Structure formats: structure tokens, C-alpha cells
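Have a look at entry-v2.txt; it's compact mmCIF, C-alpha atoms and all ligand atoms:
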```
# COMPACT_ATOMS: atom_id res chain seq x y z
CA MET A 1 84.82 148.49 115.15
CA GLY A 2 87.09 145.61 114.29
CA VAL A 3 90.37 147.42 113.63
CA ARG A 4 92.99 146.94 116.33
CA ALA A 5 95.35 149.82 117.05
CA ASP A 6 98.27 150.50 119.39
CA TYR A 7 97.43 154.19 119.39
CA VAL A 8 95.34 156.78 117.64
CA ILE A 9 96.56 160.30 116.91
CA MET A 10 93.34 162.28 117.02
CA HIS A 11 91.70 165.69 116.72
CA ALA A 12 94.36 167.07 114.38
CA ASN A 13 93.27 170.50 113.24
CA GLU A 14 94.67 169.51 109.85
CA LEU A 15 95.71 166.00 108.86
CA LEU A 16 97.67 166.21 105.59
CA THR A 17 97.17 162.76 104.08
CA MET A 18 98.65 163.26 100.56
CA ARG A 19 96.38 160.32 99.68
CA GLY A 20 95.81 158.95 96.20
CA TYR A 21 99.31 159.38 94.78
CA SER A 22 101.19 156.24 95.71
CA ASN A 23 101.26 155.06 92.09
CA LYS A 24 102.15 158.30 90.40
CA PRO A 25 103.60 161.58 91.60
CA LYS A 26 101.59 164.76 91.80
CA VAL A 27 101.84 167.23 88.94
CA ARG A 28 100.46 170.70 88.27
CA GLU A 29 97.32 171.51 90.31
CA GLU A 30 97.47 168.11 92.05
CA LEU A 31 100.34 169.59 94.06
CA GLN A 32 97.85 172.09 95.48
CA ASP A 33 95.83 169.41 97.25
CA PRO A 34 97.45 167.93 100.36
CA GLY A 35 94.36 165.76 101.04
CA ILE A 36 93.46 167.58 104.24
CA ILE A 37 91.13 166.00 106.79
CA ARG A 38 89.92 168.40 109.47
CA ASP A 39 89.59 166.99 112.99
CA GLY A 40 91.69 164.20 111.52
CA ALA A 41 92.84 160.96 113.10
CA VAL A 42 95.24 158.18 112.23
CA ALA A 43 95.43 154.77 113.91
CA VAL A 44 98.68 152.80 114.06
CA LYS A 45 99.34 149.13 114.75
CA ASP A 46 102.76 147.43 114.72
CA GLY A 47 104.42 150.37 112.96
CA ARG A 48 101.85 150.56 110.17
CA ILE A 49 98.90 152.86 109.54
CA VAL A 50 95.65 150.93 109.95
CA ALA A 51 92.97 153.63 109.78
CA VAL A 52 92.71 157.23 108.59
CA GLY A 53 89.78 159.62 108.64
CA THR A 54 87.99 162.14 110.78
CA THR A 55 88.35 161.47 114.50
CA ARG A 56 84.76 160.24 114.61
CA GLU A 57 85.27 157.88 111.65
CA VAL A 58 88.47 156.41 113.08
CA LEU A 59 87.05 155.98 116.58
CA ASP A 60 84.10 154.14 115.02
CA MET A 61 86.53 151.78 113.30
CA VAL A 62 89.01 150.87 116.03
CA ASP A 63 88.53 148.52 118.96
CA LYS A 64 88.96 149.83 122.50
CA GLY A 65 92.28 149.46 124.27
CA PHE A 66 94.41 151.85 122.23
CA GLU A 67 96.41 154.79 123.53
CA ALA A 68 94.99 158.19 122.59
CA ILE A 69 97.39 160.88 121.39
CA ASP A 70 95.84 164.31 121.26
CA ALA A 71 96.82 166.55 118.34
CA SER A 72 94.21 169.26 118.99
CA GLY A 73 95.10 172.56 117.38
CA MET A 74 97.99 170.99 115.50
CA THR A 75 98.96 169.83 112.00
CA VAL A 76 99.78 166.20 111.26
CA THR A 77 101.85 165.41 108.17
CA PRO A 78 103.71 162.45 106.67
CA GLY A 79 107.35 162.47 107.80
CA PHE A 80 109.44 164.69 105.58
CA ILE A 81 111.55 162.97 102.92
CA ASP A 82 114.76 164.71 101.94
CA ALA A 83 115.39 163.73 98.31
CA HIS A 84 118.98 165.02 97.95
CA VAL A 85 121.66 164.87 100.65
CA HIS A 86 125.48 164.81 100.46
CA LEU A 87 125.70 163.03 103.78
CA ILE A 88 129.21 161.87 104.58
CA PHE A 89 131.97 164.43 105.10
CA ALA A 90 134.38 165.87 107.63
CA GLY A 91 135.23 169.47 108.43
CA SER A 92 133.31 172.65 107.77
CA ARG A 93 133.44 175.60 105.37
CA GLU A 94 131.99 178.55 107.29
CA ASP A 95 134.96 180.79 106.43
CA GLU A 96 134.26 180.28 102.72
CA MET A 97 130.73 181.54 103.22
CA GLU A 98 132.16 184.68 104.78
CA MET A 99 134.44 185.11 101.75
CA MET A 100 131.44 184.71 99.47
CA ILE A 101 129.56 187.36 101.42
CA LYS A 102 132.54 189.67 100.93
CA GLY A 103 132.33 189.13 97.18
CA TYR A 104 135.02 186.52 96.46
CA SER A 105 134.19 184.27 93.52
CA TYR A 106 134.14 180.47 93.67
CA LEU A 107 137.42 180.48 91.74
CA ASP A 108 139.03 182.91 94.22
CA ILE A 109 137.96 180.63 97.05
CA LYS A 110 139.33 177.58 95.25
CA LYS A 111 142.66 179.34 94.70
CA LYS A 112 142.88 180.00 98.42
CA GLY A 113 142.53 176.26 99.07
CA GLY A 114 138.76 176.22 99.52
CA GLY A 115 135.99 174.45 97.66
CA MET A 116 134.98 170.83 97.42
CA ASN A 117 138.49 169.38 97.47
CA ARG A 118 139.11 170.90 100.88
CA THR A 119 136.30 168.68 102.13
CA VAL A 120 137.67 165.73 100.14
CA MET A 121 141.01 166.05 101.97
CA ALA A 122 139.37 166.49 105.39
CA THR A 123 137.15 163.46 104.80
CA ARG A 124 140.01 161.25 103.62
CA ASN A 125 141.90 162.17 106.78
CA ALA A 126 139.00 161.53 109.14
CA SER A 127 138.60 158.22 110.93
CA THR A 128 135.51 156.11 110.34
CA ASP A 129 134.45 156.67 113.96
CA GLU A 130 134.72 160.43 113.53
CA LEU A 131 132.62 160.33 110.36
CA ILE A 132 129.98 158.16 112.03
CA ALA A 133 129.80 160.43 115.09
CA LYS A 134 129.53 163.58 112.96
CA THR A 135 126.89 162.08 110.68
CA LEU A 136 124.81 160.77 113.59
CA ARG A 137 124.47 164.33 114.84
CA ILE A 138 123.27 165.38 111.38
CA LEU A 139 120.72 162.54 111.36
CA ASP A 140 119.58 163.46 114.88
CA ARG A 141 118.97 167.04 113.78
CA MET A 142 117.09 165.81 110.70
CA LEU A 143 114.84 163.69 112.90
CA LEU A 144 114.29 166.58 115.32
CA HIS A 145 113.14 168.66 112.35
CA GLY A 146 110.71 166.03 111.10
CA THR A 147 112.73 164.21 108.43
CA THR A 148 112.22 160.44 108.50
CA THR A 149 113.83 159.27 105.22
CA ILE A 150 116.64 160.68 103.09
CA GLU A 151 118.53 159.98 99.90
CA ALA A 152 122.17 159.74 101.07
CA LYS A 153 125.11 160.35 98.77
CA SER A 154 128.73 159.42 99.13
CA GLY A 155 131.32 161.31 97.06
CA TYR A 156 133.67 163.19 99.37
CA GLU A 157 136.66 160.87 99.12
CA MET A 158 136.77 159.94 95.45
CA THR A 159 139.04 156.93 95.81
CA LEU A 160 137.69 153.42 95.42
CA GLU A 161 138.46 152.50 99.04
CA GLY A 162 137.20 155.85 100.33
CA GLU A 163 133.89 155.62 98.53
CA ILE A 164 133.41 152.03 99.69
CA ARG A 165 134.08 153.28 103.23
CA GLU A 166 131.49 156.07 102.90
CA LEU A 167 128.89 153.72 101.44
CA GLU A 168 129.59 151.23 104.24
CA ILE A 169 129.07 154.04 106.75
CA ILE A 170 125.72 154.85 105.11
CA LYS A 171 124.79 151.17 105.41
CA THR A 172 125.78 151.12 109.08
CA LEU A 173 123.92 154.34 109.87
CA ASN A 174 120.84 152.97 108.16
CA LYS A 175 120.91 150.14 110.67
CA ILE A 176 121.68 152.12 113.80
CA HIS A 177 119.67 155.32 113.31
CA PRO A 178 115.90 155.66 112.88
CA VAL A 179 116.17 157.85 109.77
CA ASP A 180 116.04 155.59 106.68
CA LEU A 181 118.87 156.14 104.20
CA VAL A 182 118.69 155.38 100.47
CA PRO A 183 122.30 154.98 99.26
CA THR A 184 123.70 156.77 96.21
CA PHE A 185 127.25 156.94 94.91
CA CYS A 186 127.79 160.46 93.66
CA ALA A 187 130.73 161.25 91.38
CA GLN A 188 131.03 164.84 92.49
CA ALA A 189 134.63 165.93 92.90
CA ILE A 190 137.80 165.82 90.81
CA PRO A 191 140.53 165.22 93.41
CA PRO A 192 144.02 166.68 92.80
CA GLU A 193 145.52 163.37 91.62
CA TRP A 194 143.03 163.25 88.73
CA GLU A 195 143.15 166.90 87.69
CA GLY A 196 143.72 167.18 83.93
CA LYS A 197 142.90 163.48 83.49
CA VAL A 198 139.17 163.54 83.97
CA ASP A 199 138.35 161.38 80.91
CA GLU A 200 140.49 158.62 82.33
CA PHE A 201 139.07 159.18 85.82
CA ALA A 202 135.50 158.79 84.53
CA ARG A 203 136.50 155.56 82.75
CA VAL A 204 138.04 154.15 85.93
CA ILE A 205 134.90 155.05 87.90
CA ALA A 206 132.70 153.47 85.21
CA GLU A 207 134.75 150.31 84.72
CA LYS A 208 136.08 149.61 88.22
CA TRP A 209 134.30 151.57 90.92
CA ILE A 210 130.65 151.38 89.94
CA PRO A 211 130.73 147.60 89.25
CA GLU A 212 132.35 147.14 92.67
CA PHE A 213 129.72 149.22 94.52
CA LEU A 214 126.93 147.33 92.78
CA LYS A 215 128.55 143.93 93.35
CA ARG A 216 128.82 144.69 97.05
CA GLY A 217 125.19 145.83 97.17
CA LEU A 218 126.20 149.23 98.51
CA VAL A 219 124.24 151.50 96.17
CA GLU A 220 120.79 151.86 94.74
CA TYR A 221 121.66 154.83 92.56
CA CYS A 222 124.62 156.43 90.85
CA ASP A 223 124.61 160.19 90.45
CA VAL A 224 127.03 162.55 88.73
CA PHE A 225 127.83 166.19 89.38
CA ALA A 226 127.52 167.04 85.70
CA GLU A 227 128.70 170.62 85.51
CA VAL A 228 131.25 172.73 83.69
CA GLY A 229 134.51 172.44 85.64
CA PHE A 230 133.50 169.04 87.07
CA PHE A 231 132.33 166.14 84.90
CA ASN A 232 131.34 166.99 81.32
CA MET A 233 128.49 165.26 79.52
CA ASP A 234 130.64 162.58 77.84
CA GLN A 235 132.23 161.64 81.14
CA THR A 236 128.85 161.70 82.88
CA ARG A 237 127.35 159.47 80.20
CA ILE A 238 130.09 156.84 80.57
CA MET A 239 129.51 156.56 84.31
CA LEU A 240 125.71 156.58 84.27
CA GLU A 241 125.55 154.09 81.38
CA ALA A 242 127.88 151.75 83.28
CA CYS A 243 125.56 151.90 86.28
CA LYS A 244 122.49 151.23 84.15
CA ARG A 245 124.11 148.37 82.27
CA LEU A 246 124.75 146.60 85.57
CA GLY A 247 121.21 147.07 86.80
CA GLY A 248 121.73 150.15 88.96
CA LYS A 249 119.48 153.18 88.75
CA ILE A 250 120.59 156.70 88.01
CA ARG A 251 120.03 160.32 88.89
CA ILE A 252 121.83 163.48 87.80
CA HIS A 253 122.87 166.95 89.01
CA ALA A 254 121.45 168.95 86.11
CA ASP A 255 122.21 172.52 85.17
CA TRP A 256 122.88 174.07 88.54
CA LEU A 257 125.71 176.47 87.68
CA ALA A 258 125.04 176.77 83.94
CA HIS A 259 123.17 175.05 81.14
CA SER A 260 125.65 172.18 80.99
CA GLY A 261 123.37 169.64 79.33
CA GLY A 262 122.51 167.51 82.36
CA GLY A 263 118.80 167.87 81.68
CA GLU A 264 119.09 166.57 78.12
CA LEU A 265 121.38 163.72 79.14
CA GLY A 266 119.07 162.78 82.01
CA VAL A 267 116.12 162.54 79.61
CA GLU A 268 118.13 160.45 77.16
CA LEU A 269 119.45 158.00 79.75
CA GLY A 270 116.22 157.76 81.75
CA VAL A 271 117.22 159.07 85.17
CA VAL A 272 114.84 158.67 88.09
CA SER A 273 115.43 162.28 89.07
CA ALA A 274 117.08 165.34 87.56
CA ASP A 275 118.13 167.68 90.34
CA HIS A 276 118.58 171.50 90.50
CA LEU A 277 117.17 172.44 87.02
CA ILE A 278 118.17 176.07 87.50
CA HIS A 279 119.52 176.75 84.01
CA THR A 280 117.67 174.01 82.09
CA PRO A 281 115.95 175.39 78.96
CA MET A 282 112.17 175.07 78.96
CA ASP A 283 112.04 172.78 75.94
CA VAL A 284 114.15 170.33 77.97
CA ILE A 285 111.87 170.86 80.98
CA ASP A 286 109.01 169.75 78.70
CA LYS A 287 110.86 166.52 77.90
CA ILE A 288 111.55 165.90 81.60
CA ALA A 289 107.82 166.33 82.23
CA GLU A 290 106.91 164.03 79.33
CA LYS A 291 109.17 161.28 80.66
CA GLY A 292 107.81 161.62 84.20
CA ILE A 293 111.29 162.25 85.59
CA ILE A 294 111.11 163.75 89.07
CA GLY A 295 112.53 167.27 89.18
CA VAL A 296 114.19 167.64 92.55
CA LEU A 297 114.42 171.35 93.35
CA LEU A 298 116.95 172.48 95.94
CA PRO A 299 116.14 175.99 97.17
CA THR A 300 118.72 176.20 99.93
CA THR A 301 121.56 175.89 97.39
CA PRO A 302 121.06 179.25 95.69
CA PHE A 303 120.08 180.63 99.10
CA CYS A 304 123.46 179.82 100.62
CA TYR A 305 125.49 180.35 97.43
CA LEU A 306 123.78 183.72 96.82
CA GLY A 307 122.72 182.41 93.41
CA ARG A 308 119.80 182.05 91.06
CA TYR A 309 116.75 179.91 91.88
CA ALA A 310 115.02 177.36 89.69
CA ASN A 311 111.91 178.67 87.97
CA ALA A 312 109.59 176.46 90.00
CA ARG A 313 106.37 178.08 88.76
CA GLU A 314 107.19 177.39 85.13
CA ILE A 315 108.59 173.92 85.89
CA ILE A 316 105.35 173.03 87.70
CA ARG A 317 103.18 174.60 84.98
CA ARG A 318 104.90 172.45 82.36
CA GLY A 319 104.03 169.30 84.29
CA VAL A 320 107.26 168.18 85.94
CA PRO A 321 106.54 166.20 89.12
CA VAL A 322 108.48 168.36 91.54
CA ALA A 323 110.11 167.15 94.76
CA LEU A 324 112.29 169.01 97.24
CA GLY A 325 115.55 168.34 99.06
CA THR A 326 117.94 170.24 101.29
CA ASP A 327 121.10 169.46 99.26
CA LEU A 328 122.82 169.37 102.62
CA SER A 329 126.59 169.23 102.09
CA ALA A 330 129.82 170.51 103.60
CA ALA A 331 129.04 173.84 101.94
CA ASN A 332 125.29 173.96 102.55
CA MET A 333 124.62 173.22 106.19
CA SER A 334 120.96 172.93 107.02
CA GLU A 335 119.18 169.76 108.05
CA SER A 336 115.86 171.54 108.24
CA MET A 337 113.24 170.70 105.65
CA GLN A 338 111.07 173.42 107.24
CA MET A 339 113.76 176.01 106.44
CA MET A 340 114.09 174.63 102.91
CA MET A 341 110.29 174.64 102.45
CA THR A 342 110.18 178.25 103.62
CA ILE A 343 112.75 179.27 101.02
CA ALA A 344 110.91 177.24 98.36
CA ALA A 345 107.79 179.21 99.17
CA LEU A 346 109.21 182.70 99.59
CA GLN A 347 111.95 182.63 96.93
CA MET A 348 110.60 180.13 94.37
CA LYS A 349 106.93 181.10 94.83
CA MET A 350 105.72 177.60 95.61
CA THR A 351 102.52 177.60 97.67
CA PRO A 352 102.44 175.99 101.12
CA SER A 353 100.42 173.06 99.73
CA GLU A 354 102.95 172.56 96.93
CA VAL A 355 105.93 172.52 99.28
CA PHE A 356 104.27 169.94 101.54
CA SER A 357 103.41 167.73 98.54
CA ALA A 358 106.96 168.08 97.18
CA ALA A 359 108.55 167.31 100.56
CA THR A 360 106.46 164.19 101.23
CA ILE A 361 104.75 162.09 98.54
CA ASN A 362 106.70 163.45 95.55
CA ALA A 363 109.99 163.13 97.43
CA ALA A 364 109.00 159.51 98.09
CA HIS A 365 108.62 159.06 94.33
CA ALA A 366 112.08 160.60 93.83
CA ILE A 367 113.53 157.65 95.77
CA GLU A 368 110.95 155.14 94.49
CA ARG A 369 109.48 154.52 97.95
CA ALA A 370 105.99 155.95 97.40
CA TYR A 371 104.43 152.50 97.80
CA ASP A 372 105.57 152.56 101.43
CA ILE A 373 106.01 156.15 102.63
CA GLY A 374 105.16 159.77 101.76
CA SER A 375 101.46 159.74 102.64
CA ILE A 376 99.18 158.91 105.54
CA GLU A 377 97.20 156.01 104.12
CA GLU A 378 96.27 152.56 105.34
CA GLY A 379 99.07 150.04 104.96
CA LYS A 380 101.89 152.57 104.81
CA LYS A 381 104.70 152.90 107.32
CA ALA A 382 103.74 155.04 110.31
CA ASP A 383 106.27 157.78 109.58
CA ILE A 384 104.25 160.68 110.92
CA VAL A 385 105.04 164.15 112.28
CA ILE A 386 102.94 166.34 114.55
CA LEU A 387 103.71 170.00 113.93
CA ASP A 388 102.74 172.49 116.63
CA ILE A 389 101.07 174.82 114.15
CA PRO A 390 97.32 175.19 113.53
CA ASN A 391 97.57 174.69 109.78
CA HIS A 392 100.14 173.95 107.08
CA LYS A 393 100.21 177.57 105.87
CA PHE A 394 102.25 178.41 108.97
CA ILE A 395 105.09 177.18 106.76
CA PRO A 396 106.35 179.63 105.49
CA TYR A 397 104.47 182.18 107.61
CA HIS A 398 106.11 181.39 110.96
CA TYR A 399 109.68 180.75 109.90
CA GLY A 400 113.13 180.14 111.34
CA VAL A 401 111.95 177.97 114.23
CA ASN A 402 111.33 174.25 114.55
CA HIS A 403 107.62 173.43 114.76
CA VAL A 404 108.07 169.69 115.30
CA LYS A 405 106.38 168.40 118.44
CA THR A 406 106.36 164.63 117.86
CA VAL A 407 107.97 162.33 115.30
CA PHE A 408 106.79 158.75 114.81
CA LYS A 409 109.24 156.56 112.89
CA ASN A 410 107.99 153.08 111.98
CA GLY A 411 105.27 153.80 114.49
CA GLU A 412 107.62 154.51 117.37
CA ILE A 413 107.89 157.91 119.05
CA VAL A 414 111.47 159.09 118.42
CA VAL A 415 110.92 162.80 119.07
CA ASP A 416 108.63 163.85 121.89
CA ASN A 417 107.85 167.44 122.85
CA GLY A 418 110.58 168.56 120.47
CA SER A 419 113.31 166.42 122.08
CA LEU A 420 114.93 163.19 120.94
CA VAL A 421 113.72 160.13 122.77
CA LYS A 422 117.21 158.87 123.50
CA GLU A 423 116.27 155.25 124.23
CA ALA A 424 114.32 154.99 120.98
CA VAL A 425 117.00 156.64 118.87
CA ARG A 426 119.97 154.97 120.47
CA LYS A 427 118.76 151.47 121.15
CA LEU A 428 120.87 149.97 118.37
CA TYR A 429 123.72 152.31 118.81
CA SER A 430 126.75 151.71 120.98
CA TYR A 431 128.47 155.05 120.36
CA THR A 432 127.95 157.80 122.90
CA TYR A 433 128.49 161.50 122.60
ZN ZN B 501 123.88 167.99 95.24
```
Show how you would write the structure in this file as C-alpha cells.
Ligand SMILES: [Zn+2]
Amino acid sequence: MGVRADYVIMHANELLTMRGYSNKPKVREELQDPGIIRDGAVAVKDGRIVAVGTTREVLDMVDKGFEAIDASGMTVTPGFIDAHVHLIFAGSREDEMEMMIKGYSYLDIKKKGGGMNRTVMATRNASTDELIAKTLRILDRMLLHGTTTIEAKSGYEMTLEGEIRELEIIKTLNKIHPVDLVPTFCAQAIPPEWEGKVDEFARVIAEKWIPEFLKRGLVEYCDVFAEVGFFNMDQTRIMLEACKRLGGKIRIHADWLAHSGGGELGVELGVVSADHLIHTPMDVIDKIAEKGIIGVLLPTTPFCYLGRYANAREIIRRGVPVALGTDLSAANMSESMQMMMTIAALQMKMTPSEVFSAATINAAHAIERAYDIGSIEEGKKADIVILDIPNHKFIPYHYGVNHVKTVFKNGEIVVDNGSLVKEAVRKLYSYTY
């Protein structure tokens, strides 16, 4: 007795706490332990977790007068954290996926006017209201699928004004939507006006754009799409060093399409996360592990590009703290962390416990929020999801459907019985759709 609570979620068949890793991410066999409490309960007061334990333990701790929320037969997990999202864009690219299925190469598709610059043009031409309305629907779907915080990248306009606009939109959405957004500027496309002048483009981004984003307080991180055919390692270095010099933090797209050197450069510059790691040599993986850089693995990317997966088993064995993200973008359209976790399990051979650890506490480390979110522990934000499955191994076993029953964001119910609670989601939001 003595603890006051607004409500207690109780009798969870499995409560996945992820406890004990707020100060350092999970590595190796630690990823196998989601900190399960059977017949688990969690008490919440004023948006914060105030007690965690078995139902009996928690009921012994809390004073009467709370609301009881029954999670019998279900699994309770920290809200999912999506560590890698290309959030702001207009248009769609479903026809390109069909071309890919028919065997066209990326270059063929680009020649026919497809690829990233198609999205750059569509985004430049879209109004701010259109972009906000489109992105709100994405955030709604994320929430419906149990995602409560995301890393959110700009990068689909690639002009100074355009990127400021996208980052301003991210700032606005962070205020008006329950999903928390962590803003990143991502240098990811070479627009037509800069083709053949990429060295100069990288210098302009480093000397003019990045200082402006930081001065305006619009970004926490800068990220670069460091790949052959996009930004090479010298250009990437100039931009990331500029960000670091001005007190910003950095992350990198490393070795998705080929061994381009993003892993090595990330280690040298001290990125917070190195993402993809599909073609990174294992001696570089060792250095990433040594430095404690989070390896953000993105299984839906090879899934939807019909490509090669990261060697998750070896990356985990070598001690990289692994997190997961959807890599949602104009070309990779899935908001569902459950879908992504399923692919991580079935294609990258990560166990169910590993995918839950990587999608919660380790993803929180990837955005440096593990002190506040990513686990169900006293003092943390009440970002909690009730999944209508008896245990966590139902992901990946029962796949392709949404198991989310209830989502609590900052302690408030924003998804109930699988539907958005409109008043809770829209209370700050004047747009309608
Ligand atoms: Zn990406």
C-alpha cells in the first residue's frame, strides 16, 4: 500500500518489462531475455509507470481507487520504437514495385523516371497541408500497430527551404500527434540540379544547410545516405563532421547496397547508429560492437527490394547492440513493426525475444531515449501496448494481422479495441479528414 495509481493493467499472461537496460543496450544473449513477468501488472499515475510486478505484488503496493484494466490471456509490451523512418514525402511508387517484380533493375526504373527523385519532385510540388494530412495518416497507422515513438527523417526535397519545411512539419506533427518524433535531417537524394556536382552539393549542405537546421533547433541528428551512386565517403564525412562540429549528433546509412565504407566511417566519426549493415565486413562489425554503436537492422528493406538481408546472427554474436526499424519510405510502405519483426525473425533468424528487445529498449538506445522509454519500469513514460496474443512468440507465428488491442501513450489510451480513440488522438489537431 502507499502507491497511488490512476489505473492498473493486470493479469497479463506475459508482461515484457525489458527491465535493467536503461543505461546500456542489450547485447548477445541479453537480447534473449525480455524480462517476462507472468500474471504481470503495471500501475500508472499521471502518465508515468509507478509500479511493476506480478498482479499480486502490484495490488499489494497500490492504494484503492484505481481503475482496473484486465489483460488476461494477453501480452503486454513497451510501446514499439521505430528507429529509422523516412517520414515526409508525397506520392507513391507502387508501379515501380511491379517493375521490380518483373525483373527491371533499379537503373532501368530510374531511366523510366522512377526512383528517389520522382518522390523528391512530388514532395516539392505538394503543399504543406497535403504533406501534413498524408503524414498524419501514416502516424495514425503506426499508433494502431503499437508504435509510440519514431526517429523521423527529412530528405525528400533537398533544397534548403524544402528541408526546413519538412523539419518544421516534423516539429508540428510532434506537437499535434501522440506518436513522439525524433527529428533527423537525412541527406539522401541527389536532385537533378546537383547531378554531376555532388562534391559542391555536399559542401553547401555542410556549410549552409546543416548550420541553419541546428541554429533553428530543428534537428537532433544528421544522417547521410552513404552509398555508391549517392553520397561517397568524402562527401558523407564533410556533412557529418559539420554536424558534429556544431554540436549535432550523427547517424549513417551504412553498406545497404554494397560495401561502400559507411560502417568504417561511422566508427571513425562516432555515429550513434549505423543502419542497414548488409554488406559491412565482419572486421568492421567488430569495431562497431567495440564502440557500442547501435546497429539498426531494417528487414523490410531487402524484403520489399527483393534483396539481401543483414547477417543478424553474426552481427549479434559479435556483440553489436541491435535495434530494428521499418525504414518506411516512399518506396517501402509499411508502418507495421509487427510485420517488420516477423520478417526479422523469419528471414534474419532473430528469435522472438530478440526482435522484441530490438524493437523496444534497444531502439530507445538508438535514439538516446532509453532513460525515458523502451521498458516497463518505475519512473518511465507509460508508453505501453496490450497485444491480443497469449505470448510474445505469437510474433512471428501468427503473422500478417494486427494484434494490437490497446495502446497507452503517456498513460492515455489512444487505441482501444484496435481502433483509434479519436478524441485522444485529435485533441490538439484542427485538421479533419
Ligand atoms: Zn533509410
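If you measure from each of A:Asp70, A:Glu212, A:Glu130, A:Glu200 to Leu167 in chain A using only C-alpha atoms, the closest one turns out to be A:Glu212.
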Which residues are close to range 150-160 of chain A, i.e. within 7 Å by only C-alpha atoms, leaving aside same-chain residues fewer than 3 positions away? Reply as a PyMOL selection string. chain A and resi 81-89+119-120+123-124+163-164+166-167+180-189+191+209+367
So, with all atoms listed in the file as the atoms that count, which of A:Val272, A:Ile205, A:Ile386, A:Ala12 lies closest to Met239 in chain A?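 Checking each candidate against Met239 in chain A, we get A:Ile205 as the closest.
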Quick one: which chain A residues come within 8 Å of ligand ZN 501 (chain B), and what is the nearest atom pair for each with the distance in Å to one decimal, counting all atoms listed in the file, rows ordered by chain and ascending number, as a Markdown table?
```
| residue | atom | partner | partner_atom | distance |
| --- | --- | --- | --- | --- |
| A:His84 | CA | B:ZN501 | ZN | 6.3 |
| A:Val85 | CA | B:ZN501 | ZN | 6.6 |
| A:His86 | CA | B:ZN501 | ZN | 6.3 |
| A:Phe225 | CA | B:ZN501 | ZN | 7.3 |
| A:His253 | CA | B:ZN501 | ZN | 6.4 |
| A:Asp275 | CA | B:ZN501 | ZN | 7.6 |
| A:His276 | CA | B:ZN501 | ZN | 7.9 |
| A:Asp327 | CA | B:ZN501 | ZN | 5.1 |
| A:Leu328 | CA | B:ZN501 | ZN | 7.6 |
| A:Ser329 | CA | B:ZN501 | ZN | 7.5 |
```
If we count only C-alpha atoms, what is near range 402-407 of chain A at a cut-off of 12 Å, once residues fewer than 5 positions away on the same chain are taken out, given as a PyMOL selection string? chain A and resi 9+69-71+74-80+140-148+178-179+335-340+342+382-392+394-397+412-421+424-425
In Å and to one decimal, CA of His11 in chain A is distant from CA of Arg48 in chain A by 19.4 Å
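The environment of range 284-296 of chain A within 7 Å, counting all atoms listed in the file and disregarding residues fewer than 4 places along the same chain, consists of Gly263, Glu264, Val267, Val271, Val272, Ser273, Ala274, Asp275, His276, Thr280, Ile315, Arg318, Gly319, Val320, Pro321, Val322, Ala323, Leu324, Gly325 and Ala366 of chain A.
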Interatomic distance, CA of Lys111 in chain A to CA of Val198 in chain A (Å, one decimal): 19.4 Å
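Computed from the coordinates, the CA of Leu107 in chain A to CA of Gly229 in chain A distance equals 10.5 Å.
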Write out as JSON an axis-aligned box for range 275-287 of chain A: all of its atoms listed in the file, 6 Å added on each side, centre and edge lengths in Å with one decimal.
```
{"center_x": 114.3, "center_y": 171.6, "center_z": 83.2, "size_x": 22.5, "size_y": 22.2, "size_z": 26.6}
```
Neighbours of Lys110 in chain A within 12 Å (only C-alpha atoms; same-chain residues fewer than 2 positions away dropped), as a ChimeraX atom specification? /A:93,96,99-100,104-108,112-119,229
Please identify all polymer residues within 12 Å of Arg237 in chain A, counting only C-alpha atoms, omitting same-chain residues fewer than 4 positions from it, and present them as an MDAnalysis selection string. chainID A and resid 187 199 202:203 205:206 222:226 231:233 241:245 250:252 261:262 264:271
Could you please fill out range 412-426 of chain A with N, CA and C atoms and send it back as a PDB file, in the coordinates of the input?
```pdb
ATOM      1  N   GLU A 412     107.070 154.273 116.036  1.00  0.00           N
ATOM      2  CA  GLU A 412     107.620 154.510 117.370  1.00  0.00           C
ATOM      3  C   GLU A 412     107.887 156.014 117.572  1.00  0.00           C
ATOM      4  N   ILE A 413     107.615 156.492 118.770  1.00  0.00           N
ATOM      5  CA  ILE A 413     107.890 157.910 119.050  1.00  0.00           C
ATOM      6  C   ILE A 413     109.394 158.090 119.228  1.00  0.00           C
ATOM      7  N   VAL A 414     110.017 158.848 118.332  1.00  0.00           N
ATOM      8  CA  VAL A 414     111.470 159.090 118.420  1.00  0.00           C
ATOM      9  C   VAL A 414     111.790 160.534 118.777  1.00  0.00           C
ATOM     10  N   VAL A 415     110.803 161.420 118.578  1.00  0.00           N
ATOM     11  CA  VAL A 415     110.920 162.800 119.070  1.00  0.00           C
ATOM     12  C   VAL A 415     109.625 163.097 119.822  1.00  0.00           C
ATOM     13  N   ASP A 416     109.791 163.585 121.045  1.00  0.00           N
ATOM     14  CA  ASP A 416     108.630 163.850 121.890  1.00  0.00           C
ATOM     15  C   ASP A 416     108.787 165.234 122.499  1.00  0.00           C
ATOM     16  N   ASN A 417     107.764 166.054 122.375  1.00  0.00           N
ATOM     17  CA  ASN A 417     107.850 167.440 122.850  1.00  0.00           C
ATOM     18  C   ASN A 417     109.081 168.159 122.333  1.00  0.00           C
ATOM     19  N   GLY A 418     109.459 167.859 121.104  1.00  0.00           N
ATOM     20  CA  GLY A 418     110.580 168.560 120.470  1.00  0.00           C
ATOM     21  C   GLY A 418     111.948 168.032 120.849  1.00  0.00           C
ATOM     22  N   SER A 419     112.001 166.971 121.694  1.00  0.00           N
ATOM     23  CA  SER A 419     113.310 166.420 122.080  1.00  0.00           C
ATOM     24  C   SER A 419     113.448 164.978 121.599  1.00  0.00           C
ATOM     25  N   LEU A 420     114.690 164.578 121.326  1.00  0.00           N
ATOM     26  CA  LEU A 420     114.930 163.190 120.940  1.00  0.00           C
ATOM     27  C   LEU A 420     114.584 162.261 122.094  1.00  0.00           C
ATOM     28  N   VAL A 421     113.935 161.174 121.772  1.00  0.00           N
ATOM     29  CA  VAL A 421     113.720 160.130 122.770  1.00  0.00           C
ATOM     30  C   VAL A 421     114.955 159.227 122.699  1.00  0.00           C
ATOM     31  N   LYS A 422     115.876 159.474 123.600  1.00  0.00           N
ATOM     32  CA  LYS A 422     117.210 158.870 123.500  1.00  0.00           C
ATOM     33  C   LYS A 422     117.158 157.340 123.403  1.00  0.00           C
ATOM     34  N   GLU A 423     116.316 156.730 124.234  1.00  0.00           N
ATOM     35  CA  GLU A 423     116.270 155.250 124.230  1.00  0.00           C
ATOM     36  C   GLU A 423     115.811 154.738 122.868  1.00  0.00           C
ATOM     37  N   ALA A 424     114.849 155.455 122.263  1.00  0.00           N
ATOM     38  CA  ALA A 424     114.320 154.990 120.980  1.00  0.00           C
ATOM     39  C   ALA A 424     115.328 155.210 119.867  1.00  0.00           C
ATOM     40  N   VAL A 425     116.066 156.318 119.938  1.00  0.00           N
ATOM     41  CA  VAL A 425     117.000 156.640 118.870  1.00  0.00           C
ATOM     42  C   VAL A 425     118.284 155.837 119.003  1.00  0.00           C
ATOM     43  N   ARG A 426     118.646 155.545 120.228  1.00  0.00           N
ATOM     44  CA  ARG A 426     119.970 154.970 120.470  1.00  0.00           C
ATOM     45  C   ARG A 426     119.967 153.478 120.772  1.00  0.00           C
TER      46      ARG A 426
END
```
